[in-house]
Structures are given as C-alpha cells and as structure tokens.
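Structure file coords-v4.pdb (PDB, C-alpha atoms) is printed below.
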ATOM      1  CA  MET S   1     -12.457  20.180  -6.157  1.00  0.00           C
ATOM      2  CA  THR S   2     -13.806  20.376  -9.674  1.00  0.00           C
ATOM      3  CA  ILE S   3     -14.642  17.507 -11.995  1.00  0.00           C
ATOM      4  CA  ASN S   4     -11.421  18.196 -13.905  1.00  0.00           C
ATOM      5  CA  ASP S   5      -9.430  18.031 -10.654  1.00  0.00           C
ATOM      6  CA  TYR S   6     -11.088  14.709  -9.794  1.00  0.00           C
ATOM      7  CA  ASN S   7     -10.331  13.311 -13.264  1.00  0.00           C
ATOM      8  CA  PHE S   8      -6.734  14.432 -12.872  1.00  0.00           C
ATOM      9  CA  CYS S   9      -6.534  12.562  -9.549  1.00  0.00           C
ATOM     10  CA  VAL S  10      -7.845   9.383 -11.166  1.00  0.00           C
ATOM     11  CA  THR S  11      -5.335   9.636 -13.999  1.00  0.00           C
ATOM     12  CA  ALA S  12      -2.374  10.628 -11.848  1.00  0.00           C
ATOM     13  CA  TYR S  13      -2.852   8.510  -8.711  1.00  0.00           C
ATOM     14  CA  ALA S  14      -4.798   5.355  -9.580  1.00  0.00           C
ATOM     15  CA  ASP S  15      -1.754   3.296 -10.601  1.00  0.00           C
ATOM     16  CA  HIS S  16       0.289   4.371  -7.563  1.00  0.00           C
ATOM     17  CA  LEU S  17      -2.604   3.610  -5.245  1.00  0.00           C
ATOM     18  CA  PHE S  18      -3.225   0.213  -6.833  1.00  0.00           C
ATOM     19  CA  ARG S  19       0.459  -0.710  -6.574  1.00  0.00           C
ATOM     20  CA  PHE S  20       0.559   0.299  -2.895  1.00  0.00           C
ATOM     21  CA  ILE S  21      -2.532  -1.725  -1.986  1.00  0.00           C
ATOM     22  CA  PHE S  22      -1.567  -4.719  -4.135  1.00  0.00           C
ATOM     23  CA  LYS S  23       1.800  -4.958  -2.367  1.00  0.00           C
ATOM     24  CA  HIS S  24      -0.179  -5.418   0.852  1.00  0.00           C
ATOM     25  CA  THR S  25      -2.968  -7.708  -0.317  1.00  0.00           C
ATOM     26  CA  GLN S  26      -1.228  -9.714  -3.065  1.00  0.00           C
ATOM     27  CA  HIS S  27      -4.714 -10.081  -4.557  1.00  0.00           C
ATOM     28  CA  GLU S  28      -5.574  -8.109  -7.676  1.00  0.00           C
ATOM     29  CA  GLU S  29      -9.361  -7.972  -7.296  1.00  0.00           C
ATOM     30  CA  ASN S  30      -9.209  -6.932  -3.634  1.00  0.00           C
ATOM     31  CA  ALA S  31      -6.737  -4.188  -4.509  1.00  0.00           C
ATOM     32  CA  ARG S  32      -9.001  -2.948  -7.312  1.00  0.00           C
ATOM     33  CA  ASP S  33     -11.974  -2.869  -4.932  1.00  0.00           C
ATOM     34  CA  VAL S  34     -10.036  -0.856  -2.345  1.00  0.00           C
ATOM     35  CA  VAL S  35      -8.825   1.635  -4.964  1.00  0.00           C
ATOM     36  CA  GLN S  36     -12.288   2.029  -6.468  1.00  0.00           C
ATOM     37  CA  ASN S  37     -13.763   2.594  -3.028  1.00  0.00           C
ATOM     38  CA  ALA S  38     -11.137   5.248  -2.256  1.00  0.00           C
ATOM     39  CA  PHE S  39     -12.007   7.157  -5.422  1.00  0.00           C
ATOM     40  CA  GLU S  40     -15.711   6.813  -4.664  1.00  0.00           C
ATOM     41  CA  ILE S  41     -15.167   8.370  -1.238  1.00  0.00           C
ATOM     42  CA  LEU S  42     -13.075  11.148  -2.799  1.00  0.00           C
ATOM     43  CA  TRP S  43     -15.935  11.877  -5.210  1.00  0.00           C
ATOM     44  CA  LYS S  44     -18.453  12.038  -2.376  1.00  0.00           C
ATOM     45  CA  LYS S  45     -16.200  14.401  -0.401  1.00  0.00           C
ATOM     46  CA  ARG S  46     -14.914  16.413  -3.352  1.00  0.00           C
ATOM     47  CA  ASP S  47     -16.295  19.642  -1.875  1.00  0.00           C
ATOM     48  CA  GLU S  48     -14.368  19.082   1.370  1.00  0.00           C
ATOM     49  CA  VAL S  49     -11.017  17.880  -0.012  1.00  0.00           C
ATOM     50  CA  GLU S  50      -8.538  20.387  -1.384  1.00  0.00           C
ATOM     51  CA  MET S  51      -6.742  19.445  -4.582  1.00  0.00           C
ATOM     52  CA  GLU S  52      -3.336  19.702  -2.869  1.00  0.00           C
ATOM     53  CA  LYS S  53      -4.404  17.134  -0.248  1.00  0.00           C
ATOM     54  CA  ALA S  54      -6.147  14.721  -2.644  1.00  0.00           C
ATOM     55  CA  LYS S  55      -3.235  12.278  -2.977  1.00  0.00           C
ATOM     56  CA  SER S  56      -2.733  11.996   0.777  1.00  0.00           C
ATOM     57  CA  PHE S  57      -6.486  11.682   1.253  1.00  0.00           C
ATOM     58  CA  LEU S  58      -6.681   8.826  -1.270  1.00  0.00           C
ATOM     59  CA  PHE S  59      -3.788   6.897   0.275  1.00  0.00           C
ATOM     60  CA  SER S  60      -5.196   7.385   3.758  1.00  0.00           C
ATOM     61  CA  VAL S  61      -8.668   6.189   2.771  1.00  0.00           C
ATOM     62  CA  ALA S  62      -7.270   3.231   0.823  1.00  0.00           C
ATOM     63  CA  TYR S  63      -5.045   2.185   3.718  1.00  0.00           C
ATOM     64  CA  LYS S  64      -7.982   2.263   6.135  1.00  0.00           C
ATOM     65  CA  ASN S  65     -10.155   0.330   3.676  1.00  0.00           C
ATOM     66  CA  LYS S  66      -7.423  -2.287   3.300  1.00  0.00           C
ATOM     67  CA  ILE S  67      -7.351  -2.759   7.056  1.00  0.00           C
ATOM     68  CA  ASP S  68     -11.147  -3.019   7.218  1.00  0.00           C
ATOM     69  CA  GLN S  69     -11.146  -5.529   4.377  1.00  0.00           C
ATOM     70  CA  PHE S  70      -8.470  -7.612   6.111  1.00  0.00           C
ATOM     71  CA  ARG S  71     -10.487  -7.644   9.329  1.00  0.00           C
ATOM     72  CA  LYS S  72     -13.620  -8.767   7.508  1.00  0.00           C
ATOM     73  CA  GLN S  73     -11.756 -11.531   5.698  1.00  0.00           C
ATOM     74  CA  SER S  74     -10.103 -12.806   8.850  1.00  0.00           C
ATOM     75  CA  LYS S  75     -13.496 -13.093  10.556  1.00  0.00           C
ATOM     76  CA  VAL S  76     -15.175 -14.907   7.696  1.00  0.00           C
ATOM     77  CA  ASN S  77     -12.284 -17.167   6.539  1.00  0.00           C
ATOM     78  CA  LEU S  78     -13.547 -17.664   3.010  1.00  0.00           C
ATOM     79  CA  VAL S  79     -11.887 -20.164   0.719  1.00  0.00           C
ATOM     80  CA  ASP S  80     -10.499 -18.303  -2.250  1.00  0.00           C
ATOM     81  CA  GLU S  81     -10.952 -20.719  -5.148  1.00  0.00           C
ATOM     82  CA  PHE S  82      -9.917 -18.302  -7.836  1.00  0.00           C
ATOM     83  CA  SER S  83      -6.760 -16.860  -6.299  1.00  0.00           C
ATOM     84  CA  ALA S  84      -4.537 -18.600  -8.835  1.00  0.00           C
ATOM     85  CA  GLN S  85      -6.454 -16.932 -11.666  1.00  0.00           C
ATOM     86  CA  THR S  86      -6.650 -13.444 -10.168  1.00  0.00           C
ATOM     87  CA  LYS S  87      -3.124 -12.995  -8.866  1.00  0.00           C
ATOM     88  CA  ILE S  88      -0.784 -11.060 -11.046  1.00  0.00           C
ATOM     89  CA  ILE S  89       1.862 -13.455 -12.269  1.00  0.00           C
ATOM     90  CA  ASN S  90       5.055 -12.111 -13.668  1.00  0.00           C
ATOM     91  CA  GLU S  91       7.279 -14.967 -14.721  1.00  0.00           C
ATOM     92  CA  HIS S  92      10.183 -12.722 -15.625  1.00  0.00           C
ATOM     93  CA  LYS S  93      10.941 -11.420 -12.146  1.00  0.00           C
ATOM     94  CA  SER S  94      14.534 -11.285 -11.142  1.00  0.00           C
ATOM     95  CA  GLY S  95      15.774 -13.213  -8.128  1.00  0.00           C
ATOM     96  CA  LEU S  96      16.491  -9.967  -6.300  1.00  0.00           C
ATOM     97  CA  LYS S  97      12.964  -8.697  -6.825  1.00  0.00           C
ATOM     98  CA  ASP S  98      11.532 -11.991  -5.516  1.00  0.00           C
ATOM     99  CA  ALA S  99      13.801 -11.842  -2.482  1.00  0.00           C
ATOM    100  CA  LEU S 100      12.807  -8.234  -1.807  1.00  0.00           C
ATOM    101  CA  GLU S 101       9.091  -9.075  -2.043  1.00  0.00           C
ATOM    102  CA  LYS S 102       9.557 -11.994   0.355  1.00  0.00           C
ATOM    103  CA  ALA S 103      11.488  -9.745   2.714  1.00  0.00           C
ATOM    104  CA  LEU S 104       8.741  -7.105   2.601  1.00  0.00           C
ATOM    105  CA  ASN S 105       6.149  -9.763   3.408  1.00  0.00           C
ATOM    106  CA  THR S 106       8.029 -10.679   6.600  1.00  0.00           C
ATOM    107  CA  LEU S 107       7.578  -7.169   8.008  1.00  0.00           C
ATOM    108  CA  PRO S 108       4.741  -6.200  10.337  1.00  0.00           C
ATOM    109  CA  ASP S 109       1.964  -4.410   8.472  1.00  0.00           C
ATOM    110  CA  ILE S 110       2.711  -0.938   9.848  1.00  0.00           C
ATOM    111  CA  GLN S 111       6.425  -1.174   8.987  1.00  0.00           C
ATOM    112  CA  LYS S 112       5.624  -2.462   5.519  1.00  0.00           C
ATOM    113  CA  SER S 113       3.232   0.447   4.940  1.00  0.00           C
ATOM    114  CA  CYS S 114       5.806   2.997   6.092  1.00  0.00           C
ATOM    115  CA  VAL S 115       8.518   1.576   3.831  1.00  0.00           C
ATOM    116  CA  LEU S 116       6.210   1.327   0.811  1.00  0.00           C
ATOM    117  CA  LEU S 117       4.970   4.889   1.241  1.00  0.00           C
ATOM    118  CA  ARG S 118       8.487   6.253   1.764  1.00  0.00           C
ATOM    119  CA  ASP S 119      10.609   4.252  -0.670  1.00  0.00           C
ATOM    120  CA  TYR S 120       8.094   3.276  -3.361  1.00  0.00           C
ATOM    121  CA  GLU S 121       5.727   6.253  -3.366  1.00  0.00           C
ATOM    122  CA  GLY S 122       8.133   8.998  -2.240  1.00  0.00           C
ATOM    123  CA  TYR S 123       6.133  10.480   0.634  1.00  0.00           C
ATOM    124  CA  ASP S 124       7.974  12.428   3.310  1.00  0.00           C
ATOM    125  CA  TYR S 125       7.757  11.476   6.986  1.00  0.00           C
ATOM    126  CA  LYS S 126       5.068  14.032   7.792  1.00  0.00           C
ATOM    127  CA  GLU S 127       2.792  12.858   4.960  1.00  0.00           C
ATOM    128  CA  ILE S 128       3.252   9.218   5.977  1.00  0.00           C
ATOM    129  CA  GLY S 129       2.304  10.175   9.518  1.00  0.00           C
ATOM    130  CA  GLU S 130      -0.874  11.830   8.277  1.00  0.00           C
ATOM    131  CA  ILE S 131      -1.831   8.820   6.172  1.00  0.00           C
ATOM    132  CA  LEU S 132      -1.164   6.242   8.898  1.00  0.00           C
ATOM    133  CA  ASN S 133      -2.192   8.398  11.894  1.00  0.00           C
ATOM    134  CA  LEU S 134       1.308   8.400  13.391  1.00  0.00           C
ATOM    135  CA  ASN S 135       3.647  11.173  14.447  1.00  0.00           C
ATOM    136  CA  GLU S 136       6.889  11.822  12.574  1.00  0.00           C
ATOM    137  CA  SER S 137       9.041  10.160  15.216  1.00  0.00           C
ATOM    138  CA  GLN S 138       7.013   6.952  15.063  1.00  0.00           C
ATOM    139  CA  VAL S 139       7.293   6.912  11.274  1.00  0.00           C
ATOM    140  CA  LYS S 140      11.075   7.296  11.452  1.00  0.00           C
ATOM    141  CA  VAL S 141      11.351   4.496  14.012  1.00  0.00           C
ATOM    142  CA  TYR S 142       9.156   2.139  11.968  1.00  0.00           C
ATOM    143  CA  ILE S 143      11.138   2.851   8.809  1.00  0.00           C
ATOM    144  CA  PHE S 144      14.458   2.365  10.606  1.00  0.00           C
ATOM    145  CA  ARG S 145      13.338  -0.955  12.099  1.00  0.00           C
ATOM    146  CA  ALA S 146      11.882  -2.112   8.807  1.00  0.00           C
ATOM    147  CA  ARG S 147      15.081  -1.331   6.929  1.00  0.00           C
ATOM    148  CA  GLN S 148      17.135  -3.154   9.569  1.00  0.00           C
ATOM    149  CA  SER S 149      14.861  -6.208   9.257  1.00  0.00           C
ATOM    150  CA  LEU S 150      15.043  -6.078   5.468  1.00  0.00           C
ATOM    151  CA  LYS S 151      18.825  -5.805   5.576  1.00  0.00           C
ATOM    152  CA  ASN S 152      19.151  -8.750   7.978  1.00  0.00           C
ATOM    153  CA  TYR S 153      16.740 -10.861   5.935  1.00  0.00           C
ATOM    154  CA  LEU S 154      18.440 -10.110   2.621  1.00  0.00           C
ATOM    155  CA  VAL S 155      21.940 -10.714   4.060  1.00  0.00           C
ATOM    156  CA  SER S 156      20.843 -14.076   5.470  1.00  0.00           C
ATOM    157  CA  ILE S 157      19.404 -15.086   2.084  1.00  0.00           C
ATOM    158  CA  GLU S 158      22.624 -13.986   0.394  1.00  0.00           C
ATOM    159  CA  THR S 159      24.692 -16.327   2.564  1.00  0.00           C
ATOM    160  CA  VAL S 160      22.341 -19.214   1.737  1.00  0.00           C
ATOM    161  CA  LEU S 161      22.594 -18.598  -2.002  1.00  0.00           C
TER     162      LEU S 161
END
For this file, write the structure as structure tokens.
Amino acid sequence: MTINDYNFCVTAYADHLFRFIFKHTQHEENARDVVQNAFEILWKKRDEVEMEKAKSFLFSVAYKNKIDQFRKQSKVNLVDEFSAQTKIINEHKSGLKDALEKALNTLPDIQKSCVLLRDYEGYDYKEIGEILNLNESQVKVYIFRARQSLKNYLVSIETVL
C-alpha cells in the first residue's frame, strides 16, 4: 500500500468507520480514539495489507478495539463527567429515527454489529464474517434474529403510540 492509497483510505473510510463505532459506543471521543487507532494500525501494517482489503481490515481492527475498550471500561468503572458535553446531540431527529436507535440498542452486541455492517455499511455476508470472525451461516442467523427483534420492538412501540 502506498502513501496515496493510505490517504485514499482515510478520506474514503473514516466517516463510515466513525459512524459504525459511534453507533456502538454512543460516545464521540471514544469513537474517535478507536478510529484513529485503526488507521494507526493500518499505517504500521501498510506493507502487509492489500488496497482491496483495506476497508475490511479497518472495520475488523476497529471492531476489535471497540471490544477491548469496552472491556477496559467495564473493569475500571470510571465516572464520565463530561459525557453530556461530548455526546453528539441532534435535536432535530425524527421519532422514527429515535425509535430505531433505541431498538438497535436493545440488541446483543454481535447482532447489532451484523445489522450495522449489513444495512448501514453495505457489506455482504462473507465480508461481515471476516470482520467479526464468524462464518456466513452465523452471520445470516444473527441478522435474521436481529431483524426479528427489531421488528417486534418497533411493532410494540407502534401500538403504544
């Protein structure tokens, strides 16, 4: 991978990667740290990573870093005093978007990752399997179950409203 290829990856994939990680963490600074770390690792391994595999490599590294970060935070239990200042606040969200975000947050982490990679980022089942270290069948099952849970959650909210 050349310097130009690396710069292309930063330009083309940074926003997608940030959005994917932020949907998991709901914390802007943590998401930025994970994304920056993923690009740092890509730079260090630029001789080993082919340009065609760079996007999958970045998502895979970022996903693993997110898990490591979550584990560290759960062990330490720090009080986050500045969370209100660092969260992205969008006051003009529609009710449907809020409901969908709440529904996504009810899913187990692995199902949420599969759905985000498939429906938000457009990866195929094989690529999702490579990123999350699953086989294609497992990915399909997780996505099916996640969609069923989302459907049930959203239908139950609809009857309440």
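Of the listed residues (S:Val61, S:Cys114, S:Ala38, S:Cys9), S:Cys114 comes nearest to Lys140 in chain S; the distances count all atoms listed in the file.
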Expanded to explicit residues, what is the PyMOL selection byres ((chain S and resi 145) around 12) for this file, as a list in words?
Leu107, Pro108, Ile110, Gln111, Lys112, Cys114, Val115, Gln138, Val139, Lys140, Val141, Tyr142, Ile143, Phe144, Ala146, Arg147, Gln148, Ser149, Leu150, Lys151 and Asn152 of chain S
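Pairwise distance (CA of Val34 in chain S, CA of Asn7 in chain S) equals 17.9 Å.
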Expected answer as a ChimeraX atom specification: all residues with atoms within 12 Å of (-12.8, -1.0, -4.2), all atoms listed in the file
/S:14,17-18,21-22,28-41,58,61-66,68-69
S:Leu134, S:Met1, S:Leu104, S:Ile128: which is nearest Arg46 in chain S, counting all atoms listed in the file?
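Ranking S:Leu134, S:Met1, S:Leu104, S:Ile128 by distance to Arg46 in chain S, first place goes to S:Met1.
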Enter the distance from CA of Phe59 in chain S to CA of Asp15 in chain S, in Å, rounded to one decimal.
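Answer for the CA of Phe59 in chain S to CA of Asp15 in chain S separation: 11.6 Å.
When the PyMOL selection byres ((chain S and resi 123) around 12) is evaluated against the file, it yields His16, Lys55, Ser56, Phe59, Ser113, Cys114, Val115, Leu116, Leu117, Arg118, Asp119, Tyr120, Glu121, Gly122, Asp124, Tyr125, Lys126, Glu127, Ile128, Gly129, Glu130, Ile131, Leu132 and Val139 of chain S.
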Non-local contacts of Ile3 in chain S (12 Å; all atoms listed in the file; under 4 positions in same chain excluded) as a list in words:
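Here the qualifying residues turn out to be Asn7, Phe8, Cys9, Val10, Leu42, Trp43, Lys44, Arg46, Asp47 and Met51 of chain S.
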So how far away is CA of His24 in chain S from CA of Val155 in chain S, in Å?
23.0 Å
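With distances restricted to only C-alpha atoms, S:Ala54 is the closest residue to Tyr13 in chain S from S:Ser60, S:Ser137, S:His27, S:Ala54.
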Tyr153 in chain S surroundings by only C-alpha atoms, 9 Å radius, close-in-sequence under 5 positions cut, as a list in words:
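The neighbour list is Ala99, Ala103, Thr106, Gln148 and Glu158 of chain S.
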